[in-house]
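S.K.: Input file: upload02.cif. Contents: mmCIF, C-alpha atoms.
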```
data_target
loop_
_atom_site.label_atom_id
_atom_site.label_comp_id
_atom_site.auth_asym_id
_atom_site.auth_seq_id
_atom_site.Cartn_x
_atom_site.Cartn_y
_atom_site.Cartn_z
CA MET I 1 -36.08 -6.59 -12.05
CA PRO I 2 -35.50 -10.31 -11.50
CA ALA I 3 -34.96 -11.45 -7.93
CA SER I 4 -31.45 -12.67 -8.77
CA ALA I 5 -30.48 -9.25 -10.10
CA ASP I 6 -31.72 -7.56 -6.93
CA TYR I 7 -29.73 -10.04 -4.85
CA ASN I 8 -26.53 -9.36 -6.78
CA ARG I 9 -27.01 -5.62 -6.53
CA ASN I 10 -27.14 -5.83 -2.72
CA MET I 11 -24.56 -8.57 -2.23
CA PHE I 12 -21.72 -7.73 0.12
CA VAL I 13 -18.21 -8.38 -1.22
CA ASP I 14 -15.21 -7.45 0.93
CA HIS I 15 -12.26 -8.59 -1.17
CA ALA I 16 -11.28 -8.66 -4.83
CA VAL I 17 -8.19 -9.05 -7.00
CA ILE I 18 -8.02 -6.93 -10.15
CA ARG I 19 -5.51 -5.90 -12.78
CA VAL I 20 -5.05 -2.23 -13.59
CA LYS I 21 -3.19 -0.78 -16.57
CA ALA I 22 -2.52 2.89 -17.10
CA GLY I 23 -2.62 4.32 -20.62
CA LYS I 24 0.41 4.32 -22.90
CA GLY I 25 1.78 7.69 -23.93
CA GLY I 26 1.29 8.63 -27.57
CA ASP I 27 4.16 8.74 -30.07
CA GLY I 28 5.80 12.03 -31.03
CA CYS I 29 5.42 13.20 -34.62
CA LEU I 30 8.09 13.46 -37.31
CA SER I 31 6.97 16.22 -39.67
CA PHE I 32 8.34 19.13 -41.70
CA ARG I 33 6.44 22.17 -42.74
CA ARG I 34 5.51 22.04 -46.40
CA GLU I 35 3.84 25.23 -47.56
CA LYS I 36 3.80 27.05 -50.88
CA TYR I 37 6.10 30.07 -51.05
CA VAL I 38 7.80 29.08 -47.77
CA PRO I 39 11.18 27.75 -48.84
CA LYS I 40 12.43 26.88 -45.36
CA GLY I 41 9.53 25.47 -43.37
CA GLY I 42 11.51 23.53 -40.80
CA PRO I 43 10.38 20.79 -38.36
CA ASP I 44 6.85 21.04 -37.00
CA GLY I 45 6.16 17.60 -35.47
CA GLY I 46 4.15 18.04 -32.26
CA ASN I 47 4.48 16.26 -28.91
CA ALA I 48 2.11 13.43 -27.95
CA GLY I 49 -0.34 13.27 -25.06
CA ASP I 50 0.28 11.38 -21.82
CA GLY I 51 -1.58 8.17 -21.09
CA GLY I 52 -4.44 8.20 -18.57
CA ASP I 53 -3.88 7.34 -14.91
CA VAL I 54 -5.80 4.78 -12.84
CA ILE I 55 -7.06 6.55 -9.71
CA ALA I 56 -8.66 5.16 -6.55
CA TYR I 57 -11.27 7.34 -4.84
CA GLY I 58 -12.90 6.82 -1.42
CA ASP I 59 -16.62 7.17 -2.13
CA ASP I 60 -18.95 7.38 0.90
CA SER I 61 -21.84 6.00 -1.16
CA ARG I 62 -20.04 2.67 -1.77
CA HIS I 63 -20.20 -0.11 0.82
CA THR I 64 -19.07 -3.17 -1.13
CA LEU I 65 -16.46 -4.28 -3.68
CA LEU I 66 -19.08 -5.98 -5.84
CA ASP I 67 -18.13 -3.98 -8.96
CA PHE I 68 -14.63 -5.42 -8.81
CA GLN I 69 -15.69 -9.01 -8.23
CA TYR I 70 -16.72 -9.46 -11.87
CA THR I 71 -14.74 -6.79 -13.74
CA LYS I 72 -11.18 -7.97 -13.34
CA LYS I 73 -9.30 -5.63 -15.69
CA TRP I 74 -9.38 -1.84 -15.66
CA GLU I 75 -7.44 -0.03 -18.38
CA ALA I 76 -7.05 3.72 -18.92
CA PRO I 77 -7.06 5.18 -22.47
CA LYS I 78 -3.77 5.87 -24.19
CA GLY I 79 -2.53 9.32 -25.18
CA MET I 80 -3.01 10.55 -28.74
CA PRO I 81 0.06 10.94 -31.00
CA GLY I 82 1.47 14.33 -31.93
CA ARG I 83 0.71 15.76 -35.36
CA GLY I 84 2.18 18.18 -37.84
CA ALA I 85 1.83 21.95 -37.58
CA ASP I 86 3.08 21.67 -33.98
CA CYS I 87 -0.19 20.05 -32.89
CA THR I 88 0.07 18.35 -29.47
CA GLY I 89 -1.83 15.09 -29.02
CA ALA I 90 -4.61 14.92 -26.44
CA GLY I 91 -3.91 13.14 -23.17
CA GLY I 92 -5.78 9.95 -22.30
CA ASP I 93 -8.64 10.30 -19.79
CA ASP I 94 -8.06 9.02 -16.28
CA ILE I 95 -10.28 6.24 -14.97
CA VAL I 96 -11.49 6.50 -11.38
CA LEU I 97 -12.18 3.40 -9.28
CA LYS I 98 -14.82 4.33 -6.70
CA LEU I 99 -14.09 2.30 -3.59
CA PRO I 100 -15.67 2.19 -0.12
CA PRO I 101 -13.74 4.11 2.54
CA GLY I 102 -11.68 1.67 4.60
CA THR I 103 -10.43 -0.30 1.59
CA LEU I 104 -6.85 -1.52 1.85
CA ILE I 105 -5.12 -1.38 -1.54
CA TYR I 106 -2.21 -3.76 -2.04
CA SER I 107 0.10 -4.12 -5.04
CA GLU I 108 1.13 -7.70 -5.84
CA PRO I 109 3.62 -9.12 -8.36
CA LEU I 110 2.13 -9.77 -11.79
CA PRO I 111 1.67 -13.46 -12.72
CA ASP I 112 4.16 -15.09 -15.06
CA ALA I 113 3.63 -15.73 -18.78
CA HIS I 114 1.59 -18.85 -17.99
CA GLY I 115 -0.68 -17.02 -15.54
CA ALA I 116 0.85 -18.64 -12.45
CA PRO I 117 1.15 -16.44 -9.31
CA VAL I 118 4.57 -14.98 -8.57
CA GLY I 119 5.89 -14.36 -5.06
CA THR I 120 4.17 -14.72 -1.66
CA GLU I 121 2.08 -12.57 0.67
CA ALA I 122 5.34 -11.04 1.93
CA ASP I 123 5.78 -9.48 -1.50
CA ARG I 124 2.60 -7.42 -1.15
CA GLU I 125 3.02 -3.68 -0.85
CA LEU I 126 0.38 -1.61 0.88
CA ILE I 127 -0.31 1.34 -1.41
CA CYS I 128 -3.04 2.99 0.61
CA ASP I 129 -5.58 2.65 3.41
CA LEU I 130 -8.26 4.62 1.61
CA ALA I 131 -10.15 7.32 3.50
CA ALA I 132 -13.42 9.01 2.51
CA GLY I 133 -12.80 11.64 -0.19
CA GLN I 134 -9.19 10.57 -0.73
CA ARG I 135 -7.82 10.24 -4.27
CA ILE I 136 -4.63 8.38 -5.04
CA VAL I 137 -2.96 7.34 -8.30
CA ILE I 138 -2.39 3.58 -8.22
CA ALA I 139 -1.08 3.25 -11.80
CA ARG I 140 0.51 6.19 -13.59
CA GLY I 141 0.10 6.73 -17.32
CA GLY I 142 3.07 6.76 -19.66
CA ARG I 143 4.61 10.04 -20.77
CA GLY I 144 3.90 11.12 -24.31
CA GLY I 145 6.83 11.23 -26.72
CA ARG I 146 8.32 14.43 -28.12
CA GLY I 147 7.97 15.36 -31.78
CA ASN I 148 10.91 16.39 -33.93
CA ALA I 149 10.17 20.09 -33.39
CA ALA I 150 11.37 19.64 -29.81
CA PHE I 151 14.83 18.56 -31.05
CA LYS I 152 15.45 21.65 -33.20
CA SER I 153 18.60 23.57 -32.34
CA PRO I 154 21.04 25.99 -34.07
CA THR I 155 23.26 23.05 -34.97
CA ASN I 156 20.42 20.65 -35.83
CA GLN I 157 17.89 22.56 -37.91
CA THR I 158 16.32 19.54 -39.63
CA PRO I 159 16.05 16.95 -36.86
CA ARG I 160 14.62 13.59 -37.76
CA GLU I 161 14.40 12.46 -34.17
CA TRP I 162 11.17 11.75 -32.35
CA GLU I 163 10.25 9.77 -29.24
CA PRO I 164 7.83 6.89 -28.81
CA GLY I 165 5.41 7.09 -25.92
CA GLU I 166 6.22 5.40 -22.63
CA VAL I 167 4.26 2.36 -21.50
CA GLY I 168 1.84 2.96 -18.61
CA GLU I 169 2.17 1.12 -15.32
CA GLU I 170 0.46 -2.25 -15.01
CA LYS I 171 -0.23 -3.79 -11.62
CA ARG I 172 -2.05 -6.62 -9.93
CA ILE I 173 -4.10 -5.04 -7.16
CA ARG I 174 -5.66 -6.75 -4.14
CA LEU I 175 -8.56 -4.91 -2.49
CA GLU I 176 -9.57 -5.74 1.09
CA LEU I 177 -12.42 -3.88 2.73
CA LYS I 178 -12.57 -3.27 6.46
CA LEU I 179 -15.96 -1.88 7.41
CA ILE I 180 -15.98 1.43 9.25
CA ALA I 181 -18.68 1.54 11.94
CA ASP I 182 -19.22 3.20 15.29
CA VAL I 183 -20.45 0.05 17.01
CA GLY I 184 -19.84 -3.62 16.18
CA PHE I 185 -22.04 -6.46 17.43
CA ILE I 186 -20.08 -9.58 18.33
CA GLY I 187 -21.04 -12.91 19.88
CA LEU I 188 -21.60 -16.56 19.13
CA PRO I 189 -23.98 -17.64 16.35
CA ASN I 190 -27.66 -17.31 17.31
CA ALA I 191 -26.90 -14.87 20.12
CA GLY I 192 -29.36 -12.42 18.53
CA LYS I 193 -27.05 -9.91 16.81
CA SER I 194 -29.08 -9.72 13.59
CA THR I 195 -32.31 -9.36 15.56
CA LEU I 196 -30.73 -6.54 17.56
CA LEU I 197 -29.68 -4.79 14.34
CA ARG I 198 -33.29 -5.06 13.12
CA ALA I 199 -34.58 -3.64 16.41
CA ALA I 200 -32.17 -0.69 16.42
CA THR I 201 -32.14 0.23 12.70
CA ARG I 202 -34.07 -0.16 9.45
CA ALA I 203 -31.66 -2.84 8.25
CA ARG I 204 -33.29 -6.18 7.55
CA PRO I 205 -30.67 -8.93 7.87
CA LYS I 206 -31.82 -12.54 7.64
CA VAL I 207 -32.99 -13.99 10.96
CA ALA I 208 -33.51 -17.71 11.64
CA ASP I 209 -33.14 -20.21 14.48
CA TYR I 210 -30.03 -21.96 13.14
CA PRO I 211 -26.33 -21.02 13.35
CA PHE I 212 -24.53 -18.86 10.76
CA THR I 213 -27.71 -17.27 9.45
CA THR I 214 -25.64 -14.16 8.71
CA LEU I 215 -22.81 -14.96 6.31
CA THR I 216 -21.65 -11.39 5.61
CA PRO I 217 -21.34 -8.25 7.78
CA GLN I 218 -24.47 -6.13 7.83
CA LEU I 219 -24.63 -2.36 8.34
CA GLY I 220 -27.41 -0.21 9.72
CA ILE I 221 -27.88 3.36 11.00
CA THR I 222 -29.64 4.00 14.27
CA GLU I 223 -31.23 7.40 14.91
CA ILE I 224 -31.45 8.16 18.61
CA ASP I 225 -32.86 11.57 17.76
CA LEU I 226 -32.63 14.08 14.89
CA GLU I 227 -29.05 15.05 15.72
CA ARG I 228 -27.58 11.79 17.02
CA ARG I 229 -26.83 8.89 14.71
CA MET I 230 -24.56 5.87 14.77
CA VAL I 231 -23.46 3.27 12.22
CA LEU I 232 -23.92 -0.25 13.57
CA ALA I 233 -22.30 -3.40 12.17
CA ASP I 234 -23.51 -6.95 12.73
CA ILE I 235 -20.38 -9.09 12.50
CA PRO I 236 -21.12 -12.73 11.53
CA GLY I 237 -21.04 -15.23 14.37
CA LEU I 238 -17.66 -16.23 15.66
CA ILE I 239 -16.81 -19.60 17.17
CA GLU I 240 -13.92 -21.12 19.04
CA GLY I 241 -10.87 -21.16 16.77
CA ALA I 242 -12.08 -18.22 14.64
CA SER I 243 -8.70 -16.49 14.98
CA ASP I 244 -7.18 -19.54 13.27
CA GLY I 245 -9.78 -19.55 10.50
CA ALA I 246 -12.44 -21.83 12.02
CA GLY I 247 -16.09 -21.19 11.14
CA LEU I 248 -16.36 -17.91 9.23
CA GLY I 249 -12.78 -17.29 10.38
CA HIS I 250 -10.62 -14.22 10.54
CA ARG I 251 -12.04 -13.00 7.20
CA PHE I 252 -14.70 -11.18 9.24
CA LEU I 253 -12.68 -10.54 12.38
CA ARG I 254 -10.87 -7.80 10.49
CA HIS I 255 -14.13 -5.83 10.19
CA VAL I 256 -14.21 -5.50 13.99
CA GLU I 257 -10.92 -3.58 13.89
CA ARG I 258 -12.54 -0.43 12.45
CA THR I 259 -15.32 -0.18 15.05
CA ARG I 260 -14.99 2.22 17.97
CA VAL I 261 -17.11 0.27 20.46
CA LEU I 262 -18.04 -3.41 20.76
CA VAL I 263 -21.39 -4.70 21.95
CA HIS I 264 -20.99 -8.28 23.10
CA VAL I 265 -24.39 -9.90 22.64
CA LEU I 266 -24.70 -12.65 25.24
CA ASP I 267 -27.52 -15.19 24.96
CA ILE I 268 -28.78 -15.79 28.50
CA GLU I 269 -30.73 -18.90 27.40
CA PRO I 270 -28.66 -20.65 24.65
CA ILE I 271 -30.72 -23.15 22.67
CA ASP I 272 -27.85 -25.66 22.78
CA GLY I 273 -27.79 -25.61 26.58
CA SER I 274 -24.26 -24.19 26.74
CA ASP I 275 -22.99 -21.99 29.57
CA PRO I 276 -23.45 -18.26 28.72
CA MET I 277 -20.37 -17.30 30.75
CA GLN I 278 -18.21 -19.82 28.95
CA ASN I 279 -19.56 -18.54 25.64
CA TYR I 280 -18.48 -15.01 26.60
CA GLU I 281 -14.97 -16.17 27.48
CA THR I 282 -14.73 -18.05 24.16
CA ILE I 283 -15.30 -14.89 22.13
CA ARG I 284 -12.96 -12.82 24.32
CA LYS I 285 -10.25 -15.44 23.84
CA GLU I 286 -10.61 -15.23 20.04
CA LEU I 287 -10.36 -11.43 20.11
CA HIS I 288 -7.14 -11.65 22.13
CA ALA I 289 -5.73 -14.30 19.79
CA TYR I 290 -6.45 -12.24 16.68
CA THR I 291 -4.99 -8.94 17.87
CA ALA I 292 -4.62 -7.09 21.15
CA ILE I 293 -6.25 -4.06 19.50
CA LEU I 294 -9.62 -5.82 19.49
CA ALA I 295 -9.31 -7.00 23.07
CA GLU I 296 -8.67 -3.45 24.27
CA LYS I 297 -11.67 -1.84 22.56
CA PRO I 298 -14.40 -0.42 24.82
CA GLU I 299 -17.10 -3.04 25.32
CA ILE I 300 -20.69 -3.15 26.50
CA ILE I 301 -22.29 -6.48 27.36
CA ALA I 302 -25.89 -6.90 26.18
CA VAL I 303 -27.57 -9.81 27.99
CA ASN I 304 -30.12 -10.85 25.39
CA LYS I 305 -33.38 -12.83 25.41
CA ILE I 306 -34.59 -11.67 28.82
CA ASP I 307 -38.09 -12.17 27.42
CA LEU I 308 -37.50 -15.87 28.09
CA LEU I 309 -37.11 -15.21 31.81
CA GLY I 310 -39.97 -15.12 34.27
CA ASP I 311 -41.28 -11.56 34.03
CA GLY I 312 -39.67 -10.78 30.62
CA ASP I 313 -39.10 -7.15 31.64
CA ALA I 314 -35.75 -5.37 31.33
CA GLU I 315 -36.45 -3.62 34.63
CA GLY I 316 -37.93 -6.69 36.32
CA ASP I 317 -36.46 -8.69 39.18
CA ASP I 318 -35.58 -11.67 36.96
CA ALA I 319 -33.59 -9.49 34.57
CA GLN I 320 -31.73 -7.78 37.42
CA THR I 321 -30.93 -11.16 38.96
CA ALA I 322 -29.50 -12.31 35.63
CA ILE I 323 -27.36 -9.15 35.38
CA ALA I 324 -26.05 -9.66 38.92
CA MET I 325 -25.20 -13.25 38.05
CA VAL I 326 -23.31 -12.17 34.92
CA ARG I 327 -21.37 -9.51 36.82
CA SER I 328 -20.39 -11.96 39.52
CA ALA I 329 -19.43 -14.82 37.17
CA LEU I 330 -17.34 -12.59 34.89
CA LYS I 331 -15.87 -10.60 37.81
CA LEU I 332 -16.83 -7.30 36.24
CA GLY I 333 -15.98 -3.94 37.77
CA VAL I 334 -18.28 -1.05 38.58
CA LYS I 335 -17.41 0.73 35.31
CA ASP I 336 -18.17 -2.31 33.14
CA GLN I 337 -21.55 -1.76 31.51
CA VAL I 338 -24.09 -4.59 31.32
CA PHE I 339 -27.58 -4.12 29.86
CA PRO I 340 -30.52 -6.53 29.90
CA ILE I 341 -32.30 -6.52 26.54
CA SER I 342 -34.71 -8.44 24.38
CA ALA I 343 -33.85 -7.89 20.73
CA ALA I 344 -37.06 -9.71 19.80
CA THR I 345 -39.39 -7.40 21.74
CA GLY I 346 -37.21 -4.29 21.79
CA ALA I 347 -37.08 -4.17 25.59
CA GLY I 348 -33.96 -2.41 26.84
CA VAL I 349 -32.69 -1.57 23.32
CA PRO I 350 -33.15 2.25 23.56
CA ALA I 351 -31.14 2.35 26.81
CA LEU I 352 -28.41 0.24 25.20
CA MET I 353 -28.20 2.58 22.19
CA GLU I 354 -27.93 5.62 24.49
CA ALA I 355 -25.02 4.00 26.33
CA CYS I 356 -23.36 3.10 23.02
CA TYR I 357 -23.62 6.67 21.77
CA GLU I 358 -22.10 8.10 24.93
CA LEU I 359 -19.22 5.62 24.81
CA VAL I 360 -18.61 6.33 21.11
CA GLN I 361 -18.40 10.06 21.87
CA GLN I 362 -15.95 9.42 24.71
CA THR I 363 -13.82 7.29 22.41
CA MET I 364 -13.79 9.97 19.70
CA GLN I 365 -12.84 12.63 22.24
CA THR I 366 -9.97 10.48 23.56
CA ALA I 367 -8.73 9.79 20.02
CA SER I 368 -8.54 13.54 19.33
CA GLU I 369 -6.38 14.29 22.38
CA PRO I 370 -2.71 15.21 21.74
CA GLY I 371 -0.35 12.27 21.95
CA PHE I 372 -3.07 9.68 21.39
CA THR I 373 -2.49 7.28 18.49
CA VAL I 374 -4.74 4.62 17.05
#
```
Please, can you express the file's structure as structure tokens?
M.R.:
Amino acid sequence: MPASADYNRNMFVDHAVIRVKAGKGGDGCLSFRREKYVPKGGPDGGNAGDGGDVIAYGDDSRHTLLDFQYTKKWEAPKGMPGRGADCTGAGGDDIVLKLPPGTLIYSEPLPDAHGAPVGTEADRELICDLAAGQRIVIARGGRGGRGNAAFKSPTNQTPREWEPGEVGEEKRIRLELKLIADVGFIGLPNAGKSTLLRAATRARPKVADYPFTTLTPQLGITEIDLERRMVLADIPGLIEGASDGAGLGHRFLRHVERTRVLVHVLDIEPIDGSDPMQNYETIRKELHAYTAILAEKPEIIAVNKIDLLGDGDAEGDDAQTAIAMVRSALKLGVKDQVFPISAATGAGVPALMEACYELVQQTMQTASEPGFTV
């Protein structure tokens, strides 16, 4: 397989605009029975089949909207017409769009005759926030027409009436994927989020010593033991003004909304010489500006790159001094969790993953309590 094909197959796409059209219903049949030695055959035109529906299905095996980036039109088959001898036409097959769980499905106004967009974002209608295993009809097929046999009555014994099939629904659909993960890694570019994902999972995101190495969210699964697993998401680096679209912008901030716990990766030795504490406050400010939901999520601070300190040990005096400094500068409480790690060497990563798992379990337990709403 060519390298380009492999790249496309694994490319992450989190939004797409498509056009869906359900199948047209078949036409009813106008027919009269003509048979030797049967002087009064009567009407025998059968009903037609319904057109196929367009159905969205939340498929756990899908993690991207790549299939819908290039195929822009999805059309279900039409129903077959009715036939003589009271034969009913076959219905059109449904087509199923397999989408990743967490996909928001919006219906938008169809463009005008010249292809120009109609309406604004306010005209969007949220059809569904798709969950795993959920099936929903997003465009319903047209009803098949009735044949003339259906119009027979004592006062109308030779009806010549029949019905054409109804047109299926046609819609312009916008798909927006919000990743569903247990833990989301956030922080400024080059804080070490991708390296941490490599250290904790088998995912292999690109790692380099320049900003915005990661241009799309990356997923990985960490296995603490045989029975304990978590889905981790590396959210591309945010910068000041991200909530207003700066840098990679709010396009990727929305992925943080579906995570249960945030790990704020803090570079203790930024290569640009910036203040780590100020960098932390910058990201927190952007979370608040985007939505209060993000700012209120449980958070663990991972102080990264302790291997650059004197002893380079997560349990060493230099690492503990750095943690104390972070706690003091950020005015953290006793319950606020801070972990010294080195994503490059793996030091401190197992302890961080244990803490993440415990916090995820606490969050899930709280969400299941009566009266709690997300």
S.K.: If you count only C-alpha atoms, which residues fall within 7 Å of range 217-227 of chain I, apart from same-chain ones fewer than 6 positions away, as an MDAnalysis selection string?
M.R.: chainID I and resid 197 200:203 205 233:236
S.K.: With distances taken over all atoms listed in the file, which of I:Gly58, I:Pro189, I:Gly316, I:Gly79 is nearest to Asp129 in chain I?
M.R.: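 Smallest separation from Asp129 in chain I among the options: I:Gly58.
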S.K.: Translate the PyMOL selection byres ((chain I and resi 355) around 12) into a concrete residue list for this structure, as a list in words.
M.R.: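 With the PyMOL selection byres ((chain I and resi 355) around 12) on this model, the match is Val183, Ile224, Met230, Val261, Leu262, Val263, Pro298, Glu299, Ile300, Ile301, Ala302, Asp336, Gln337, Val338, Phe339, Gly348, Val349, Pro350, Ala351, Leu352, Met353, Glu354, Cys356, Tyr357, Glu358, Leu359, Val360, Gln361 and Gln362 of chain I.
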S.K.: Calculate how many Å separate CA of Tyr57 in chain I from CA of Ile173 in chain I, rounding to one decimal.
M.R.: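 So the answer is 14.5 Å.
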S.K.: Go ahead and compute the interatomic distance for CA of Arg83 in chain I and CA of Asp44 in chain I, in Å to one decimal.
M.R.: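 Pair CA of Arg83 in chain I / CA of Asp44 in chain I returns 8.3 Å.
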S.K.: Suppose a student applies the PyMOL selection byres ((chain I and resi 321-331) around 8) to this structure; what residues should they get, written as a list in words?
M.R.: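 What the PyMOL selection byres ((chain I and resi 321-331) around 8) grabs from the file is Ile268, Met277, Val303, Asp317, Asp318, Ala319, Gln320, Leu332, Gly333, Val338, Phe339 and Pro340 of chain I.
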S.K.: Which residue gives the smallest distance to Tyr290 in chain I among I:Glu257, I:Leu179, I:Asn148, I:Gln69, with all atoms listed in the file counted?
M.R.: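 When distances to Tyr290 in chain I are compared using all atoms listed in the file, the smallest one comes from I:Glu257.
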S.K.: CA of Gly46 in chain I to CA of Glu75 in chain I: how many Å, to one decimal?
M.R.: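 About the pair CA of Gly46 in chain I and CA of Glu75 in chain I: they are 25.6 Å apart.
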S.K.: Can you give me, as a PDB file with C-alpha atoms, keeping the file's coordinate frame, the residues this file yields under the PyMOL selection byres ((chain I and resi 93) around 7)?
M.R.:
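Written file, selection_7.pdb:
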```
ATOM      1  CA  GLY I  52      -4.440   8.200 -18.570  1.00  0.00           C
ATOM      2  CA  ALA I  76      -7.050   3.720 -18.920  1.00  0.00           C
ATOM      3  CA  PRO I  77      -7.060   5.180 -22.470  1.00  0.00           C
ATOM      4  CA  GLY I  91      -3.910  13.140 -23.170  1.00  0.00           C
ATOM      5  CA  GLY I  92      -5.780   9.950 -22.300  1.00  0.00           C
ATOM      6  CA  ASP I  94      -8.060   9.020 -16.280  1.00  0.00           C
ATOM      7  CA  ILE I  95     -10.280   6.240 -14.970  1.00  0.00           C
TER       8      ILE I  95
END
```
S.K.: Near Glu125 in chain I, within 8 Å and counting only C-alpha atoms, which residues show up once chain neighbours fewer than 6 positions away are dropped, as number ranges by chain?
M.R.: I: 106-108
S.K.: Quick one: residues within 10 Å of range 22-24 of chain I, all atoms listed in the file counted, chain neighbours fewer than 6 positions away excluded, as an mmCIF file with C-alpha atoms, keeping the file's coordinate frame?
M.R.:
```cif
data_model
loop_
_atom_site.group_PDB
_atom_site.id
_atom_site.type_symbol
_atom_site.label_atom_id
_atom_site.label_comp_id
_atom_site.auth_asym_id
_atom_site.auth_seq_id
_atom_site.Cartn_x
_atom_site.Cartn_y
_atom_site.Cartn_z
ATOM 1 C CA GLY I 49 -0.340 13.270 -25.060
ATOM 2 C CA ASP I 50 0.280 11.380 -21.820
ATOM 3 C CA GLY I 51 -1.580 8.170 -21.090
ATOM 4 C CA GLY I 52 -4.440 8.200 -18.570
ATOM 5 C CA ASP I 53 -3.880 7.340 -14.910
ATOM 6 C CA VAL I 54 -5.800 4.780 -12.840
ATOM 7 C CA ILE I 55 -7.060 6.550 -9.710
ATOM 8 C CA TRP I 74 -9.380 -1.840 -15.660
ATOM 9 C CA GLU I 75 -7.440 -0.030 -18.380
ATOM 10 C CA ALA I 76 -7.050 3.720 -18.920
ATOM 11 C CA PRO I 77 -7.060 5.180 -22.470
ATOM 12 C CA LYS I 78 -3.770 5.870 -24.190
ATOM 13 C CA GLY I 79 -2.530 9.320 -25.180
ATOM 14 C CA MET I 80 -3.010 10.550 -28.740
ATOM 15 C CA GLY I 91 -3.910 13.140 -23.170
ATOM 16 C CA GLY I 92 -5.780 9.950 -22.300
ATOM 17 C CA ASP I 93 -8.640 10.300 -19.790
ATOM 18 C CA ASP I 94 -8.060 9.020 -16.280
ATOM 19 C CA ILE I 95 -10.280 6.240 -14.970
ATOM 20 C CA VAL I 137 -2.960 7.340 -8.300
ATOM 21 C CA ILE I 138 -2.390 3.580 -8.220
ATOM 22 C CA ALA I 139 -1.080 3.250 -11.800
ATOM 23 C CA ARG I 140 0.510 6.190 -13.590
ATOM 24 C CA GLY I 141 0.100 6.730 -17.320
ATOM 25 C CA GLY I 142 3.070 6.760 -19.660
ATOM 26 C CA ARG I 143 4.610 10.040 -20.770
ATOM 27 C CA GLY I 144 3.900 11.120 -24.310
ATOM 28 C CA PRO I 164 7.830 6.890 -28.810
ATOM 29 C CA GLY I 165 5.410 7.090 -25.920
ATOM 30 C CA GLU I 166 6.220 5.400 -22.630
ATOM 31 C CA VAL I 167 4.260 2.360 -21.500
ATOM 32 C CA GLY I 168 1.840 2.960 -18.610
ATOM 33 C CA GLU I 169 2.170 1.120 -15.320
ATOM 34 C CA GLU I 170 0.460 -2.250 -15.010
ATOM 35 C CA LYS I 171 -0.230 -3.790 -11.620
#
```
S.K.: Which residue out of I:Asp182, I:Arg228, I:Arg260, I:Lys72 has the minimum interatomic distance to Lys21 in chain I when all atoms listed in the file are used?
M.R.: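 Among I:Asp182, I:Arg228, I:Arg260, I:Lys72, it is I:Lys72 that comes nearest to Lys21 in chain I.
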S.K.: Using all atoms listed in the file, which of I:Asn190, I:Thr88, I:Gln134, I:Asn279 sits nearest Lys305 in chain I?
M.R.: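 Checking each of I:Asn190, I:Thr88, I:Gln134, I:Asn279 against Lys305 in chain I, counting all atoms listed in the file, the winner is I:Asn190.
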S.K.: Of the candidates I:Pro154, I:Gly82, I:Gly310, I:Gly346, which one gets nearest to Gly42 in chain I if we count all atoms listed in the file?
M.R.: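 Closest to Gly42 in chain I of all the choices is I:Pro154.
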